file model_23.cif (mmCIF, C-alpha atoms)
data_coords
#
loop_
_atom_site.label_atom_id
_atom_site.label_comp_id
_atom_site.auth_asym_id
_atom_site.auth_seq_id
_atom_site.Cartn_x
_atom_site.Cartn_y
_atom_site.Cartn_z
CA MET A 1106 43.90 104.56 121.72
CA SER A 1107 47.50 104.39 120.60
CA GLY A 1108 48.43 107.82 121.92
CA ILE A 1109 48.88 109.40 118.48
CA GLY A 1110 45.54 111.23 118.54
CA ALA A 1111 44.16 114.02 120.69
CA ARG A 1112 45.33 112.49 123.98
CA PRO A 1113 49.01 111.70 123.48
CA TRP A 1114 49.46 110.79 127.15
CA VAL A 1115 47.30 107.70 126.66
CA VAL A 1116 49.78 105.21 125.23
CA ALA A 1117 49.44 101.42 125.23
CA LYS A 1118 52.34 99.54 126.77
CA GLU A 1119 53.02 97.90 123.41
CA ASP A 1120 53.43 101.26 121.69
CA THR A 1121 56.56 102.38 123.54
CA LEU A 1122 59.84 100.96 124.78
CA VAL A 1123 62.45 102.29 127.18
CA ILE A 1124 65.69 102.24 125.20
CA HIS A 1125 69.16 102.44 126.70
CA GLU A 1126 70.93 102.79 123.37
CA MET A 1127 70.87 101.89 119.68
CA TYR A 1128 74.03 101.48 117.66
CA ALA A 1129 75.70 99.52 114.86
CA SER A 1130 78.62 97.19 115.45
CA ILE A 1131 79.57 93.61 114.69
CA GLN A 1132 77.76 90.71 116.27
CA GLY A 1133 80.18 89.50 118.94
CA GLU A 1134 78.65 86.16 119.86
CA SER A 1135 76.36 83.39 118.58
CA THR A 1136 76.46 81.68 115.18
CA PHE A 1137 76.16 85.17 113.65
CA ALA A 1138 79.46 86.37 115.18
CA GLY A 1139 81.42 88.80 113.03
CA LEU A 1140 78.47 90.08 110.98
CA PRO A 1141 77.47 93.76 110.92
CA CYS A 1142 74.46 94.21 113.20
CA ALA A 1143 72.19 96.96 114.50
CA PHE A 1144 71.66 96.66 118.25
CA VAL A 1145 68.59 97.84 120.14
CA ARG A 1146 69.43 97.71 123.84
CA THR A 1147 66.47 98.05 126.16
CA THR A 1148 66.60 99.29 129.74
CA GLY A 1149 65.87 97.08 132.72
CA CYS A 1150 66.57 93.55 133.90
CA ASN A 1151 65.04 91.49 136.69
CA LEU A 1152 68.17 89.37 137.22
CA ARG A 1153 71.48 90.29 138.82
CA CYS A 1154 74.04 87.85 137.45
CA ALA A 1155 77.33 87.98 139.37
CA TRP A 1156 79.33 88.46 136.17
CA CYS A 1157 76.98 90.87 134.36
CA ASP A 1158 78.85 93.25 132.04
CA THR A 1159 75.92 95.48 131.10
CA SER A 1160 74.72 96.71 134.48
CA GLN A 1161 74.64 100.22 133.01
CA ALA A 1162 71.42 99.17 131.27
CA PHE A 1163 69.58 98.36 134.51
CA TYR A 1164 68.31 101.92 134.87
CA GLY A 1165 67.73 105.11 132.90
CA GLY A 1166 67.15 105.14 129.19
CA THR A 1167 64.64 107.02 127.06
CA ARG A 1168 61.02 106.06 126.49
CA MET A 1169 60.46 106.02 122.74
CA ARG A 1170 57.55 105.30 120.43
CA ARG A 1171 57.85 101.84 118.94
CA GLY A 1172 57.65 103.31 115.44
CA ASP A 1173 60.66 105.53 116.20
CA VAL A 1174 62.63 102.57 117.51
CA LEU A 1175 61.77 100.63 114.36
CA ALA A 1176 62.83 103.50 112.12
CA GLY A 1177 66.05 103.95 114.07
CA ALA A 1178 66.97 100.29 113.81
CA LEU A 1179 66.23 100.18 110.08
CA ALA A 1180 68.24 103.34 109.48
CA PHE A 1181 71.49 101.50 110.23
CA ALA A 1182 70.81 99.51 107.03
CA THR A 1183 72.22 96.23 108.37
CA ARG A 1184 70.57 92.95 107.43
CA LEU A 1185 70.95 91.79 111.01
CA VAL A 1186 69.17 93.41 113.99
CA GLU A 1187 69.40 92.30 117.61
CA LEU A 1188 67.27 93.18 120.61
CA THR A 1189 69.27 92.92 123.80
CA GLY A 1190 69.36 94.47 127.21
CA GLY A 1191 68.87 94.41 130.01
CA GLU A 1192 66.13 91.94 129.32
CA PRO A 1193 64.14 93.00 126.23
CA LEU A 1194 61.26 90.57 126.80
CA LEU A 1195 60.22 92.42 129.95
CA GLN A 1196 58.81 95.16 127.72
CA PRO A 1197 55.53 94.34 125.93
CA GLY A 1198 56.52 96.53 122.98
CA ALA A 1199 59.44 94.23 122.17
CA PHE A 1200 57.16 91.55 120.72
CA PRO A 1201 55.46 93.64 118.01
CA LEU A 1202 58.78 95.40 117.31
CA MET A 1203 60.43 92.09 116.49
CA THR A 1204 57.54 91.17 114.19
CA GLU A 1205 57.81 94.52 112.41
CA LEU A 1206 61.55 94.08 111.94
CA CYS A 1207 60.94 90.64 110.43
CA ASP A 1208 58.26 92.10 108.16
CA ALA A 1209 60.84 94.67 107.01
CA GLY A 1210 63.07 91.84 105.78
CA ARG A 1211 65.60 91.88 108.60
CA THR A 1212 67.14 88.83 110.23
CA VAL A 1213 66.20 89.39 113.86
CA LEU A 1214 67.92 88.09 116.98
CA VAL A 1215 66.82 88.46 120.59
CA GLU A 1216 69.18 87.93 123.51
CA THR A 1217 67.20 86.75 126.51
CA SER A 1218 68.08 85.53 129.96
CA GLY A 1219 66.12 82.28 130.03
CA GLU A 1220 63.93 83.60 132.85
CA ALA A 1221 61.56 85.62 130.67
CA ASP A 1222 58.78 83.78 128.81
CA VAL A 1223 59.78 83.30 125.15
CA SER A 1224 56.50 81.76 123.96
CA ARG A 1225 55.26 85.01 122.40
CA VAL A 1226 58.36 85.65 120.30
CA ASP A 1227 57.64 85.67 116.55
CA PRO A 1228 58.76 82.27 115.19
CA ARG A 1229 60.87 84.02 112.53
CA VAL A 1230 63.10 85.48 115.25
CA HIS A 1231 66.29 83.69 116.29
CA LYS A 1232 66.13 83.34 120.07
CA ILE A 1233 69.54 83.34 121.79
CA MET A 1234 68.57 82.13 125.23
CA ASP A 1235 70.78 81.80 128.27
CA LEU A 1236 70.59 78.96 130.70
CA LYS A 1237 72.08 80.43 133.85
CA CYS A 1238 74.77 78.35 135.52
CA PRO A 1239 75.28 78.32 139.32
CA GLY A 1240 78.15 80.81 139.17
CA SER A 1241 75.75 83.47 137.94
CA GLY A 1242 73.82 83.34 141.20
CA GLU A 1243 70.62 83.10 139.18
CA SER A 1244 70.39 79.46 138.07
CA HIS A 1245 67.26 79.01 140.20
CA ARG A 1246 65.52 81.52 137.91
CA ASN A 1247 65.80 79.44 134.72
CA ARG A 1248 62.35 78.98 133.16
CA TRP A 1249 62.71 75.39 131.99
CA THR A 1250 59.37 75.47 130.18
CA ASN A 1251 61.05 77.82 127.70
CA LEU A 1252 62.76 74.78 126.21
CA GLU A 1253 59.40 73.80 124.73
CA HIS A 1254 59.67 76.91 122.53
CA VAL A 1255 63.30 76.40 121.39
CA GLY A 1256 63.72 75.08 117.86
CA PRO A 1257 66.51 74.44 115.35
CA ARG A 1258 66.89 78.13 114.42
CA ASP A 1259 67.37 79.12 118.07
CA GLU A 1260 70.49 79.09 120.24
CA ILE A 1261 71.09 78.16 123.88
CA LYS A 1262 73.99 79.89 125.59
CA PHE A 1263 75.93 79.05 128.75
CA VAL A 1264 78.34 81.45 130.44
CA LEU A 1265 80.82 79.58 132.60
CA SER A 1266 82.97 80.81 135.48
CA ASP A 1267 84.45 77.55 136.79
CA ARG A 1268 84.42 73.75 136.69
CA THR A 1269 81.17 73.62 138.68
CA ASP A 1270 79.45 75.65 135.98
CA TYR A 1271 80.91 73.37 133.32
CA GLU A 1272 79.64 70.23 135.01
CA TRP A 1273 76.20 71.83 135.46
CA MET A 1274 76.15 72.66 131.75
CA ARG A 1275 77.28 69.17 130.79
CA ALA A 1276 74.45 67.63 132.83
CA ALA A 1277 71.88 70.01 131.32
CA VAL A 1278 73.00 69.22 127.77
CA ARG A 1279 72.86 65.48 128.31
CA GLU A 1280 69.93 65.05 130.67
CA ARG A 1281 67.61 67.50 128.94
CA GLY A 1282 68.52 66.43 125.40
CA LEU A 1283 69.37 69.98 124.38
CA ALA A 1284 71.16 68.95 121.17
CA ASP A 1285 67.91 67.36 120.00
CA ARG A 1286 66.16 70.73 120.30
CA THR A 1287 68.77 72.82 118.52
CA PRO A 1288 72.23 72.24 117.02
CA ASN A 1289 73.23 75.70 118.27
CA LEU A 1290 74.56 75.17 121.80
CA LEU A 1291 77.05 77.84 122.84
CA ALA A 1292 79.53 78.02 125.70
CA SER A 1293 81.67 80.99 126.67
CA THR A 1294 83.78 81.92 129.68
CA VAL A 1295 83.62 84.76 132.17
CA PHE A 1296 86.59 87.04 131.57
CA GLY A 1297 89.21 86.48 134.28
CA LYS A 1298 87.45 83.46 135.77
CA LEU A 1299 87.97 80.60 133.33
CA THR A 1300 90.31 80.44 130.35
CA PRO A 1301 88.95 79.48 126.92
CA ARG A 1302 91.82 76.98 126.64
CA GLN A 1303 90.58 75.10 129.72
CA LEU A 1304 87.01 75.10 128.45
CA VAL A 1305 88.12 73.72 125.08
CA ALA A 1306 90.02 70.90 126.82
CA TRP A 1307 86.95 69.89 128.83
CA VAL A 1308 84.63 70.01 125.83
CA LEU A 1309 86.97 67.83 123.78
CA GLU A 1310 87.40 65.38 126.64
CA ASP A 1311 83.64 64.97 127.09
CA LYS A 1312 82.82 65.21 123.37
CA LEU A 1313 80.04 67.69 124.04
CA PRO A 1314 78.02 68.77 120.99
CA LEU A 1315 78.46 72.50 121.42
CA ARG A 1316 80.31 75.52 120.08
CA VAL A 1317 82.93 77.23 122.24
CA GLN A 1318 82.73 80.95 121.55
CA LEU A 1319 84.64 84.07 122.50
CA GLN A 1320 83.05 87.45 123.01
CA MET A 1321 84.54 88.89 119.82
CA HIS A 1322 83.36 92.43 120.53
CA LYS A 1323 85.46 92.57 123.69
CA TYR A 1324 88.60 91.82 121.71
CA VAL A 1325 87.72 94.35 119.02
CA TRP A 1326 86.96 97.08 121.57
CA ALA A 1327 89.46 95.92 124.23
CA ALA A 1328 90.46 99.49 125.12
CA ASP A 1329 86.86 100.17 126.15
CA ALA A 1330 85.51 96.75 127.10
CA THR A 1331 82.40 97.88 128.98
CA GLY A 1332 79.94 95.30 127.67
CA VAL A 1333 79.33 96.83 124.23
#
call {"tool": "encode", "arguments": {"input": "model_23.cif", "output": "structure tokens"}}
result
Amino acid sequence: MSGIGARPWVVAKEDTLVIHEMYASIQGESTFAGLPCAFVRTTGCNLRCAWCDTSQAFYGGTRMRRGDVLAGALAFATRLVELTGGEPLLQPGAFPLMTELCDAGRTVLVETSGEADVSRVDPRVHKIMDLKCPGSGESHRNRWTNLEHVGPRDEIKFVLSDRTDYEWMRAAVRERGLADRTPNLLASTVFGKLTPRQLVAWVLEDKLPLRVQLQMHKYVWAADATGV
């Protein structure tokens, strides 16, 4: 029973999601940076990255019917919709929601940590998957088997805090043949830890096949840079 009938307290896990917030903004990262986007931010994450800028989404939120989340996301009338968190793939309802958004004609992105299993994500969805570097404190949690489910439409993201992180990324790109899986390899810096100028110099020196990116949203909303 879906919970819509006579016993509304009986609700399948796939029929609801705990949502921290939904809003429209520009996409701040990835190959879609700068485009208007509706964001669905779920509550909860099983990682605790040292540099996390969205810890407010670890707890709280509102449990909503998946149909209401879908309607809310579509109401922003953007062509682009992103599920983020927290870690959206921890919630079973995220998988059918992404399929429904694709069915509605939206271009769908999902930001995921690299620890959660991505194998169930609708193939129409653009996966933006982190590989956690040592400076995050969570590099031991990377689910390397996820690489088997990364294709040319997907993106692999590294967040770097120092030279050690850079060298770890460089080894991962080369030794795991990441550029053969997707042309969309992204590298960004932790604010206050590593300058973009230094990262650019290293990338040029090593001729790495990746895109250096800035978190555009933090520059746009600099007066209130709380991870939006």
call {"tool": "resolve_selection", "arguments": {"input": "model_23.cif", "expression": "the PyMOL selection byres ((chain A and resi 1253-1260) around 8)", "output": "count of residues only"}}
result
18
call {"tool": "resolve_selection", "arguments": {"input": "model_23.cif", "expression": "the PyMOL selection byres ((chain A and resi 1178) around 9)", "output": "list in words"}}
result
Met1127, Tyr1128, Ala1129, Ala1143, Phe1144, Val1145, Asp1173, Val1174, Leu1175, Ala1176, Gly1177, Leu1179, Ala1180, Phe1181, Ala1182, Thr1183, Val1186 and Leu1206 of chain A
call {"tool": "resolve_selection", "arguments": {"input": "model_23.cif", "expression": "the PyMOL selection byres ((chain A and resi 1207) around 12)", "output": "list in words"}}
result
Leu1175, Ala1178, Leu1179, Arg1184, Leu1185, Val1186, Glu1187, Phe1200, Pro1201, Leu1202, Met1203, Thr1204, Glu1205, Leu1206, Asp1208, Ala1209, Gly1210, Arg1211, Thr1212, Val1213, Leu1214, Val1215, Val1226, Asp1227, Pro1228, Arg1229, Val1230 and His1231 of chain A
call {"tool": "atom_distance", "arguments": {"input": "model_23.cif", "atom1": "atom CA of Ala1292 of chain A", "atom2": "atom CA of Val1317 of chain A"}}
result
4.9 Å
call {"tool": "residues_around", "arguments": {"input": "model_23.cif", "residues": "segment 1149-1162 of chain A", "least_positions_apart": "5", "cutoff": "12 Å", "atoms": "only C-alpha atoms", "output": "VMD selection string"}}
result
chain A and resid 1122 to 1127 1167 to 1168 1189 to 1196 1217 to 1221 1235 to 1247 1264 to 1266 1294 to 1298 1320 1323 1330 to 1333
call {"tool": "closest_residue", "arguments": {"input": "model_23.cif", "among": "A:Leu1315, A:Ala1199, A:Met1321, A:Ala1277", "to": "Gln1132 of chain A", "atoms": "all atoms listed in the file"}}
result
A:Met1321
call {"tool": "atom_distance", "arguments": {"input": "model_23.cif", "atom1": "atom CA of Val1325 of chain A", "atom2": "atom CA of Leu1313 of chain A"}}
result
28.2 Å
call {"tool": "axis_aligned_box", "arguments": {"input": "model_23.cif", "around": "segment 1198-1208 of chain A", "padding_each_side": "5 Å", "output": "JSON"}}
result
{"center_x": 58.5, "center_y": 93.6, "center_z": 115.6, "size_x": 16.1, "size_y": 15.9, "size_z": 24.8}
call {"tool": "atom_distance", "arguments": {"input": "model_23.cif", "atom1": "atom CA of Asp1120 of chain A", "atom2": "atom CA of Arg1170 of chain A"}}
result
5.9 Å
call {"tool": "decode", "arguments": {"input": "model_23.cif", "residues": "segment 1161-1237 of chain A", "atoms": "C-alpha atoms", "output": "short mmCIF file (atom, residue, chain, number, x, y, z; two decimals), in the first residue's frame"}}
result
data_model
loop_
_atom_site.label_atom_id
_atom_site.label_comp_id
_atom_site.auth_asym_id
_atom_site.auth_seq_id
_atom_site.Cartn_x
_atom_site.Cartn_y
_atom_site.Cartn_z
CA GLN A 1161 23.15 22.13 8.15
CA ALA A 1162 21.60 19.37 6.02
CA PHE A 1163 22.80 16.54 8.27
CA TYR A 1164 19.69 16.72 10.43
CA GLY A 1165 16.12 18.01 10.46
CA GLY A 1166 14.13 18.55 7.31
CA THR A 1167 10.55 17.67 6.44
CA ARG A 1168 9.27 14.28 5.35
CA MET A 1169 7.32 14.82 2.13
CA ARG A 1170 5.41 12.62 -0.29
CA ARG A 1171 7.46 11.95 -3.38
CA GLY A 1172 4.67 13.32 -5.56
CA ASP A 1173 4.80 16.61 -3.65
CA VAL A 1174 8.56 16.82 -4.06
CA LEU A 1175 8.16 16.18 -7.78
CA ALA A 1176 5.50 18.86 -8.11
CA GLY A 1177 7.60 21.32 -6.13
CA ALA A 1178 10.66 20.77 -8.28
CA LEU A 1179 8.68 21.11 -11.51
CA ALA A 1180 7.00 24.28 -10.27
CA PHE A 1181 10.29 26.19 -10.52
CA ALA A 1182 9.99 25.71 -14.31
CA THR A 1183 13.74 25.29 -14.88
CA ARG A 1184 14.98 22.82 -17.48
CA LEU A 1185 17.66 21.70 -15.05
CA VAL A 1186 16.96 19.95 -11.73
CA GLU A 1187 19.55 18.71 -9.26
CA LEU A 1188 19.23 16.35 -6.31
CA THR A 1189 21.84 17.12 -3.70
CA GLY A 1190 22.28 16.85 0.02
CA GLY A 1191 23.37 15.62 2.34
CA GLU A 1192 23.59 12.44 0.36
CA PRO A 1193 20.43 11.97 -1.75
CA LEU A 1194 21.14 8.34 -2.65
CA LEU A 1195 20.69 7.27 0.97
CA GLN A 1196 16.94 7.73 0.51
CA PRO A 1197 15.16 5.03 -1.55
CA GLY A 1198 12.66 7.57 -2.84
CA ALA A 1199 15.41 9.46 -4.67
CA PHE A 1200 15.66 6.81 -7.39
CA PRO A 1201 12.04 6.89 -8.62
CA LEU A 1202 11.99 10.69 -8.17
CA MET A 1203 14.90 11.07 -10.59
CA THR A 1204 13.15 8.82 -13.10
CA GLU A 1205 9.96 10.86 -12.81
CA LEU A 1206 11.86 14.10 -13.33
CA CYS A 1207 13.46 12.64 -16.46
CA ASP A 1208 10.05 11.49 -17.68
CA ALA A 1209 8.83 15.08 -17.21
CA GLY A 1210 11.46 16.26 -19.69
CA ARG A 1211 13.93 17.72 -17.21
CA THR A 1212 17.70 17.41 -17.41
CA VAL A 1213 18.48 15.80 -14.07
CA LEU A 1214 21.71 15.94 -12.08
CA VAL A 1215 22.54 14.11 -8.86
CA GLU A 1216 25.41 15.17 -6.60
CA THR A 1217 26.71 12.13 -4.76
CA SER A 1218 29.62 11.47 -2.47
CA GLY A 1219 31.15 8.45 -4.20
CA GLU A 1220 30.40 6.27 -1.17
CA ALA A 1221 26.75 5.58 -2.01
CA ASP A 1222 25.95 2.94 -4.65
CA VAL A 1223 25.12 4.65 -7.97
CA SER A 1224 24.17 1.50 -9.89
CA ARG A 1225 20.41 2.12 -9.52
CA VAL A 1226 20.47 5.67 -10.86
CA ASP A 1227 18.40 6.09 -14.03
CA PRO A 1228 20.86 6.12 -16.96
CA ARG A 1229 19.35 9.39 -18.22
CA VAL A 1230 20.57 11.17 -15.07
CA HIS A 1231 23.92 12.97 -15.05
CA LYS A 1232 25.82 11.65 -12.05
CA ILE A 1233 28.23 14.16 -10.50
CA MET A 1234 30.25 11.87 -8.26
CA ASP A 1235 32.94 12.84 -5.81
CA LEU A 1236 36.09 10.88 -5.27
CA LYS A 1237 37.14 11.89 -1.77
#
